[in-house]
file start_39.cif (mmCIF, C-alpha atoms)
data_work
loop_
_atom_site.label_atom_id
_atom_site.label_comp_id
_atom_site.auth_asym_id
_atom_site.auth_seq_id
_atom_site.Cartn_x
_atom_site.Cartn_y
_atom_site.Cartn_z
CA MET A 1 161.25 103.83 63.22
CA GLU A 2 164.46 105.87 63.29
CA GLU A 3 164.44 106.21 59.51
CA ASP A 4 160.81 107.41 59.54
CA CYS A 5 161.66 110.11 62.09
CA LYS A 6 164.50 111.39 59.93
CA LEU A 7 162.20 111.63 56.92
CA ARG A 8 159.37 113.36 58.75
CA ASN A 9 158.29 116.54 56.95
CA TRP A 10 157.52 119.05 59.69
CA ASP A 11 156.52 121.63 57.12
CA GLU A 12 153.61 119.42 56.02
CA LEU A 13 151.80 119.60 59.35
CA ILE A 14 148.39 121.21 59.05
CA PRO A 15 148.31 124.88 60.12
CA ASP A 16 146.07 124.15 63.11
CA ALA A 17 148.63 121.69 64.49
CA LEU A 18 151.49 124.10 63.87
CA GLY A 19 149.57 126.88 65.60
CA LEU A 20 149.01 124.68 68.64
CA ILE A 21 152.71 123.82 68.81
CA PHE A 22 153.87 127.40 68.34
CA SER A 23 151.51 128.64 71.06
CA HIS A 24 153.83 127.01 73.61
CA LEU A 25 156.85 129.02 72.43
CA PRO A 26 157.90 132.43 73.77
CA LEU A 27 156.42 135.35 71.87
CA GLN A 28 159.82 136.55 70.68
CA GLU A 29 160.63 133.21 69.07
CA VAL A 30 157.25 132.93 67.39
CA LEU A 31 157.69 136.33 65.76
CA THR A 32 161.40 136.24 64.91
CA VAL A 33 162.63 132.63 64.74
CA VAL A 34 159.73 130.49 63.54
CA PRO A 35 159.00 132.52 60.36
CA ARG A 36 162.56 131.88 59.14
CA VAL A 37 162.40 128.09 59.30
CA CYS A 38 160.32 127.44 56.19
CA LYS A 39 157.47 128.86 54.14
CA ALA A 40 154.83 126.66 55.78
CA TRP A 41 155.83 127.84 59.24
CA ASN A 42 155.88 131.42 58.04
CA ARG A 43 152.33 131.06 56.74
CA ALA A 44 151.20 129.51 60.02
CA VAL A 45 152.65 132.39 62.04
CA THR A 46 151.17 135.10 59.85
CA GLY A 47 147.76 133.41 59.80
CA PRO A 48 145.15 133.11 62.54
CA TYR A 49 146.25 129.69 63.77
CA CYS A 50 148.76 130.99 66.33
CA TRP A 51 146.70 133.90 67.55
CA GLN A 52 143.39 132.55 68.79
CA GLU A 53 144.85 133.02 72.27
CA ILE A 54 147.20 135.96 72.76
CA ASP A 55 149.11 136.25 76.03
CA ILE A 56 151.58 139.13 76.07
CA GLU A 57 151.17 140.03 79.72
CA LEU A 58 154.83 139.45 80.62
CA TRP A 59 156.08 141.25 77.53
CA SER A 60 153.76 144.22 78.06
CA ASN A 61 155.02 144.51 81.65
CA ARG A 62 158.45 145.23 80.21
CA CYS A 63 157.24 147.49 77.43
CA HIS A 64 157.69 151.12 78.46
CA GLN A 65 156.43 152.69 75.22
CA SER A 66 152.70 152.72 74.66
CA ASP A 67 153.04 153.02 70.88
CA HIS A 68 155.05 149.78 70.80
CA LEU A 69 152.38 148.04 72.82
CA ASP A 70 149.61 149.41 70.60
CA ARG A 71 151.40 148.30 67.43
CA MET A 72 152.01 144.83 68.81
CA LEU A 73 148.35 144.39 69.74
CA GLN A 74 147.14 145.69 66.40
CA MET A 75 149.43 143.32 64.50
CA LEU A 76 148.57 140.20 66.50
CA ILE A 77 144.83 140.88 66.68
CA ASN A 78 144.70 141.52 62.93
CA ARG A 79 146.42 138.19 62.38
CA SER A 80 143.75 136.43 64.44
CA SER A 81 141.24 137.33 61.69
CA GLY A 82 138.30 137.46 64.06
CA SER A 83 139.08 134.15 65.79
CA LEU A 84 140.55 135.68 68.97
CA ARG A 85 139.22 133.86 72.03
CA LYS A 86 141.57 135.01 74.79
CA LEU A 87 143.67 138.13 75.30
CA SER A 88 145.99 138.86 78.23
CA VAL A 89 147.84 142.17 78.32
CA THR A 90 148.72 144.69 81.00
CA GLY A 91 149.24 148.43 81.03
CA LEU A 92 147.07 149.72 78.19
CA GLN A 93 147.62 153.46 78.12
CA ASN A 94 144.58 154.77 76.28
CA ASP A 95 140.96 154.12 75.40
CA SER A 96 141.67 153.93 71.67
CA ILE A 97 143.57 150.65 71.86
CA PHE A 98 140.85 149.23 74.12
CA SER A 99 138.33 150.26 71.49
CA PHE A 100 140.42 148.49 68.85
CA ILE A 101 140.31 145.32 70.95
CA ALA A 102 136.54 145.61 71.31
CA GLN A 103 136.11 146.04 67.55
CA HIS A 104 137.70 142.60 67.08
CA ALA A 105 136.05 140.87 70.05
CA GLY A 106 133.36 138.92 68.24
CA SER A 107 134.73 135.59 69.50
CA LEU A 108 136.51 136.89 72.61
CA LYS A 109 135.71 134.96 75.79
CA THR A 110 138.54 135.96 78.13
CA LEU A 111 139.92 139.50 78.45
CA LYS A 112 142.61 140.44 80.95
CA VAL A 113 143.70 144.10 80.94
CA PRO A 114 144.96 144.79 84.49
CA ARG A 115 146.79 148.01 85.40
CA SER A 116 145.41 149.82 82.36
CA CYS A 117 144.59 153.52 82.02
CA LEU A 118 141.01 153.12 80.87
CA SER A 119 138.27 155.67 81.49
CA ASN A 120 134.60 155.20 82.26
CA PRO A 121 133.47 156.64 78.89
CA GLY A 122 136.05 154.53 77.08
CA VAL A 123 134.66 151.33 78.56
CA VAL A 124 131.00 152.34 78.35
CA ASN A 125 131.28 153.21 74.66
CA VAL A 126 132.52 149.75 73.66
CA ALA A 127 130.91 147.49 76.28
CA GLU A 128 128.26 146.34 73.81
CA LYS A 129 130.96 144.86 71.58
CA LEU A 130 132.28 142.70 74.44
CA SER A 131 129.04 140.76 74.82
CA SER A 132 130.67 137.34 74.35
CA LEU A 133 132.96 137.70 77.39
CA THR A 134 132.80 135.12 80.17
CA PHE A 135 135.92 136.34 82.03
CA LEU A 136 137.07 139.93 82.56
CA ASP A 137 139.99 141.28 84.58
CA LEU A 138 139.99 145.03 85.31
CA SER A 139 142.26 144.84 88.36
CA TYR A 140 144.29 147.94 89.26
CA CYS A 141 142.43 150.04 86.67
CA CYS A 142 142.08 153.08 88.91
CA LYS A 143 140.12 155.29 86.51
CA VAL A 144 137.39 152.72 85.93
CA GLY A 145 134.31 153.18 88.12
CA PRO A 146 130.73 151.99 88.62
CA GLU A 147 129.51 153.41 85.31
CA ALA A 148 131.91 151.21 83.37
CA ILE A 149 131.20 148.17 85.53
CA GLN A 150 127.46 148.60 85.10
CA ALA A 151 127.86 148.87 81.32
CA ILE A 152 129.94 145.69 81.27
CA GLY A 153 127.37 143.84 83.34
CA LYS A 154 124.51 145.12 81.20
CA HIS A 155 126.01 143.92 77.92
CA CYS A 156 128.10 140.92 79.00
CA LYS A 157 125.25 138.62 79.98
CA SER A 158 127.46 135.51 79.98
CA LEU A 159 130.06 136.90 82.39
CA THR A 160 130.89 134.31 85.06
CA GLU A 161 134.25 135.58 86.34
CA PHE A 162 135.16 139.16 87.21
CA SER A 163 138.43 140.32 88.75
CA ARG A 164 138.57 143.85 90.17
CA ASN A 165 141.39 143.73 92.72
CA MET A 166 143.07 146.98 93.77
CA HIS A 167 146.28 148.03 95.47
CA PRO A 168 145.95 149.44 99.02
CA LEU A 169 147.78 152.66 98.15
CA ASP A 170 145.49 153.33 95.19
CA VAL A 171 142.36 153.23 97.35
CA ALA A 172 143.73 155.00 100.43
CA SER A 173 141.80 158.19 99.62
CA VAL A 174 138.62 156.44 98.47
CA VAL A 175 135.70 156.78 100.87
CA SER A 176 133.59 153.92 99.55
CA HIS A 177 133.39 151.41 96.71
CA ASP A 178 129.83 150.42 97.52
CA ASP A 179 128.63 151.92 94.24
CA GLU A 180 130.79 149.37 92.42
CA ALA A 181 129.43 146.59 94.62
CA TYR A 182 125.87 147.62 93.77
CA ALA A 183 126.74 147.76 90.06
CA ILE A 184 128.09 144.21 90.25
CA ALA A 185 125.08 142.98 92.20
CA SER A 186 122.54 144.54 89.84
CA THR A 187 124.10 143.52 86.51
CA MET A 188 126.19 140.35 87.00
CA PRO A 189 123.85 137.70 88.41
CA LYS A 190 125.65 134.77 86.74
CA LEU A 191 129.01 135.36 88.42
CA LYS A 192 130.71 132.26 89.79
CA ARG A 193 133.98 133.92 90.73
CA LEU A 194 134.48 137.48 91.99
CA GLU A 195 137.68 139.17 93.18
CA ILE A 196 137.47 142.61 94.83
CA ALA A 197 140.54 142.61 97.07
CA TYR A 198 141.30 145.89 98.91
CA HIS A 199 138.05 147.56 97.93
CA ARG A 200 136.53 150.06 100.36
CA VAL A 201 133.32 148.11 100.32
CA SER A 202 130.99 147.83 103.31
CA THR A 203 129.23 144.84 104.82
CA GLU A 204 126.01 146.02 103.18
CA GLY A 205 127.69 146.10 99.78
CA VAL A 206 128.97 142.54 100.13
CA LEU A 207 125.61 141.29 101.37
CA LYS A 208 123.99 142.84 98.30
CA ILE A 209 126.40 140.92 96.08
CA LEU A 210 125.78 137.68 97.98
CA SER A 211 122.01 138.01 97.66
CA SER A 212 122.10 138.83 93.95
CA CYS A 213 124.93 136.63 92.66
CA ILE A 214 123.49 133.31 93.80
CA PHE A 215 125.89 131.19 91.72
CA LEU A 216 129.05 132.49 93.41
CA GLU A 217 131.59 129.76 94.14
CA PHE A 218 134.58 131.94 95.03
CA LEU A 219 134.74 135.41 96.60
CA GLU A 220 137.97 137.34 97.21
CA LEU A 221 137.63 139.92 100.00
CA ARG A 222 141.20 140.28 101.21
CA GLY A 223 141.85 143.74 102.57
CA CYS A 224 138.19 144.77 102.59
CA TRP A 225 138.56 146.08 106.13
CA ASP A 226 135.04 147.52 106.41
CA VAL A 227 133.40 144.14 105.87
CA GLN A 228 132.28 142.77 109.22
CA LEU A 229 131.61 139.18 108.18
CA ASP A 230 133.60 136.35 109.69
CA ASN A 231 134.29 132.77 108.67
CA LYS A 232 131.46 131.51 110.85
CA PHE A 233 128.95 133.59 108.89
CA PHE A 234 130.10 132.24 105.54
CA LYS A 235 130.22 128.64 106.76
CA GLU A 236 126.66 128.87 108.03
CA LYS A 237 125.10 130.85 105.19
CA PHE A 238 127.27 129.81 102.22
CA PRO A 239 128.92 126.48 103.10
CA ASP A 240 129.83 125.66 99.49
CA MET A 241 131.44 129.02 98.76
CA LYS A 242 135.19 129.57 99.04
CA VAL A 243 135.92 132.96 100.61
CA LEU A 244 139.33 134.58 100.91
CA GLY A 245 139.47 137.40 103.47
CA PRO A 246 138.48 139.94 104.52
CA ARG A 247 141.31 139.73 107.05
CA VAL A 248 144.87 139.54 105.74
CA ILE A 249 147.39 137.60 107.75
CA GLY A 250 150.74 139.32 107.66
CA PHE A 251 152.25 142.14 105.67
CA TYR A 252 153.52 139.77 102.99
CA ASP A 253 149.99 138.76 102.06
CA MET A 254 148.93 142.41 101.91
CA ILE A 255 151.35 143.27 99.09
CA ASN A 256 151.42 139.89 97.38
CA ASP A 257 148.88 140.73 94.68
CA TRP A 258 150.66 143.88 93.60
CA GLU A 259 154.05 142.15 93.53
CA ASP A 260 152.59 139.42 91.33
CA CYS A 261 151.15 142.05 89.04
CA CYS A 262 154.32 144.04 88.52
CA SER A 263 157.21 141.73 89.49
CA ASP A 264 158.39 141.66 85.91
CA TYR A 265 158.07 145.41 85.38
CA PHE A 266 161.40 146.16 87.03
CA SER A 267 163.15 143.03 85.77
CA ASP A 268 166.18 142.98 83.52
CA GLY A 269 164.18 141.32 80.77
CA SER A 270 163.67 144.43 78.64
CA ASP A 271 166.63 143.65 76.37
CA TYR A 272 164.48 142.25 73.58
CA LEU A 273 162.30 145.33 73.21
CA ALA A 274 164.63 146.15 70.34
CA TRP A 275 163.14 143.40 68.15
CA GLU A 276 160.45 145.31 66.38
CA PHE A 277 157.18 144.45 64.83
CA LEU A 278 157.29 142.90 61.38
CA GLU A 279 154.17 144.02 59.58
CA ASP A 280 152.12 141.40 57.77
CA GLY A 281 153.00 142.87 54.40
CA GLU A 282 156.68 142.76 55.23
CA MET A 283 156.46 139.11 56.21
CA GLY A 284 155.40 138.37 52.67
CA GLU A 285 158.85 139.31 51.42
CA PHE A 286 160.17 136.12 52.98
CA TYR A 287 158.80 134.24 49.99
CA ASP A 288 161.03 135.84 47.40
CA ASP A 289 164.09 134.29 45.75
CA GLU A 290 166.44 135.61 48.40
CA PHE A 291 164.69 133.43 50.96
CA GLU A 292 165.59 130.34 48.95
CA HIS A 293 169.30 131.25 48.96
CA GLY A 294 169.64 132.16 52.58
CA TRP A 295 168.87 135.00 54.94
CA ASP A 296 170.73 138.27 54.97
CA ASP A 297 170.66 139.10 58.68
CA ASN A 298 172.41 142.43 58.24
CA PHE A 299 169.88 143.60 55.66
CA TYR A 300 166.86 142.84 57.84
CA ALA A 301 168.56 144.08 60.99
CA ASP A 302 169.22 147.44 59.35
CA ARG A 303 165.77 147.69 57.82
CA PHE A 304 163.77 146.91 60.95
CA ASN A 305 166.29 148.25 63.48
CA ILE A 306 166.62 144.83 65.11
CA ASP A 307 169.67 143.75 67.06
CA LEU A 308 170.19 140.19 65.85
CA GLU A 309 173.63 139.60 67.37
CA PRO A 310 172.47 138.17 70.72
CA HIS A 311 170.25 135.58 69.03
CA ILE A 312 171.50 132.18 67.97
CA TRP A 313 169.17 130.95 65.29
CA PRO A 314 168.29 127.27 65.60
CA PRO A 315 168.69 125.01 62.56
CA SER A 316 165.65 124.00 60.57
CA PRO A 317 164.09 120.76 61.81
#
call {"tool": "encode", "arguments": {"input": "start_39.cif", "output": "structure tokens"}}
result
Amino acid sequence: MEEDCKLRNWDELIPDALGLIFSHLPLQEVLTVVPRVCKAWNRAVTGPYCWQEIDIELWSNRCHQSDHLDRMLQMLINRSSGSLRKLSVTGLQNDSIFSFIAQHAGSLKTLKVPRSCLSNPGVVNVAEKLSSLTFLDLSYCCKVGPEAIQAIGKHCKSLTEFSRNMHPLDVASVVSHDDEAYAIASTMPKLKRLEIAYHRVSTEGVLKILSSCIFLEFLELRGCWDVQLDNKFFKEKFPDMKVLGPRVIGFYDMINDWEDCCSDYFSDGSDYLAWEFLEDGEMGEFYDDEFEHGWDDNFYADRFNIDLEPHIWPPSP
């Protein structure tokens, strides 16, 4: 058994298996370490096998330059080759990158873009291309309103989960969010899970949602102070539904969502923003003769402006 393990050829694993394994590694390692191990691993990383599910939410929290974020998304989504099923990213800064995502959303089921600067027209214009979505997170997207939500509901007929939480400070000057509640009620009848924490929604707005979204299993109402519905009401009328709120117990609960959303934003983890984005064409150069005789770290560090000193490269398996 021990001899068989020593002779195992890891580079002969099928690309699907390699992609599944690499999906459990940190993004930085997948893009900078794995491609250097062998040609087979390089091909797996540059192909669609690793990128059917893209989660760069933590990295994007630390990314302070929108062009870096846009380039990263464009590179990874292009590598998915139309097989992208799940995308998690935060802080999109423009409608154009959201449009790019929508253009490649033929297989996309889950889309999380919280804290993004998206506009109503930007969402409305591409909503039709997001028709395969079953889960959408537009939390803390302050510029998105009922027009965008209605367009999403109109075109995303399979949507079962919608997250639209807000921060209390962002809605302090808002008079009412009932128009959003009505948009949800009129266009998202298949919802099973809905989160609208800290919305300025009224009792009437919530009742409209409850009467229209008959499959609801979970409803988040924390911080919806204008909703005059207590636990007794929900237990009597909707005994199988889990409801969180509307009352918040304690200050810690009130700010918990926002802290979860941006806890990494102010962290010290921005040191690896210097590793830049190796374009797909550039990855192809790894196959030349120089690759067979070893890697010139200084050459690639200079060319791509990457600081390689802090990294200790693991040996090939």
call {"tool": "residues_near_point", "arguments": {"input": "start_39.cif", "point": "(133.8, 153.7, 107.7)", "cutoff": "12 Å", "atoms": "all atoms listed in the file", "output": "PDB file with C-alpha atoms, in the frame of the given file"}}
result
ATOM      1  CA  VAL A 174     138.620 156.440  98.470  1.00  0.00           C
ATOM      2  CA  VAL A 175     135.700 156.780 100.870  1.00  0.00           C
ATOM      3  CA  SER A 176     133.590 153.920  99.550  1.00  0.00           C
ATOM      4  CA  HIS A 177     133.390 151.410  96.710  1.00  0.00           C
ATOM      5  CA  ASP A 178     129.830 150.420  97.520  1.00  0.00           C
ATOM      6  CA  ARG A 200     136.530 150.060 100.360  1.00  0.00           C
ATOM      7  CA  VAL A 201     133.320 148.110 100.320  1.00  0.00           C
ATOM      8  CA  SER A 202     130.990 147.830 103.310  1.00  0.00           C
ATOM      9  CA  THR A 203     129.230 144.840 104.820  1.00  0.00           C
ATOM     10  CA  GLU A 204     126.010 146.020 103.180  1.00  0.00           C
ATOM     11  CA  CYS A 224     138.190 144.770 102.590  1.00  0.00           C
ATOM     12  CA  TRP A 225     138.560 146.080 106.130  1.00  0.00           C
ATOM     13  CA  ASP A 226     135.040 147.520 106.410  1.00  0.00           C
ATOM     14  CA  VAL A 227     133.400 144.140 105.870  1.00  0.00           C
ATOM     15  CA  GLN A 228     132.280 142.770 109.220  1.00  0.00           C
TER      16      GLN A 228
END
call {"tool": "closest_residue", "arguments": {"input": "start_39.cif", "among": "A:Lys86, A:Lys39, A:Arg79, A:Arg115", "to": "A:Ile54", "atoms": "only C-alpha atoms"}}
result
A:Lys86
call {"tool": "resolve_selection", "arguments": {"input": "start_39.cif", "expression": "the PyMOL selection byres ((chain A and resi 179) around 10)", "output": "list in words"}}
result
Gly145, Pro146, Glu147, Ile149, Gln150, Ser176, His177, Asp178, Glu180, Ala181, Tyr182, Ala183, Ile184, Ala185, Val201 and Gly205 of chain A
call {"tool": "closest_residue", "arguments": {"input": "start_39.cif", "among": "A:Ser211, A:Gln52, A:Ser173, A:Thr187", "to": "A:Asn78", "atoms": "all atoms listed in the file"}}
result
A:Gln52
call {"tool": "resolve_selection", "arguments": {"input": "start_39.cif", "expression": "the PyMOL selection byres ((chain A and resi 192) around 7)", "output": "MDAnalysis selection string"}}
result
chainID A and resid 160:161 190:191 193:194 215:218
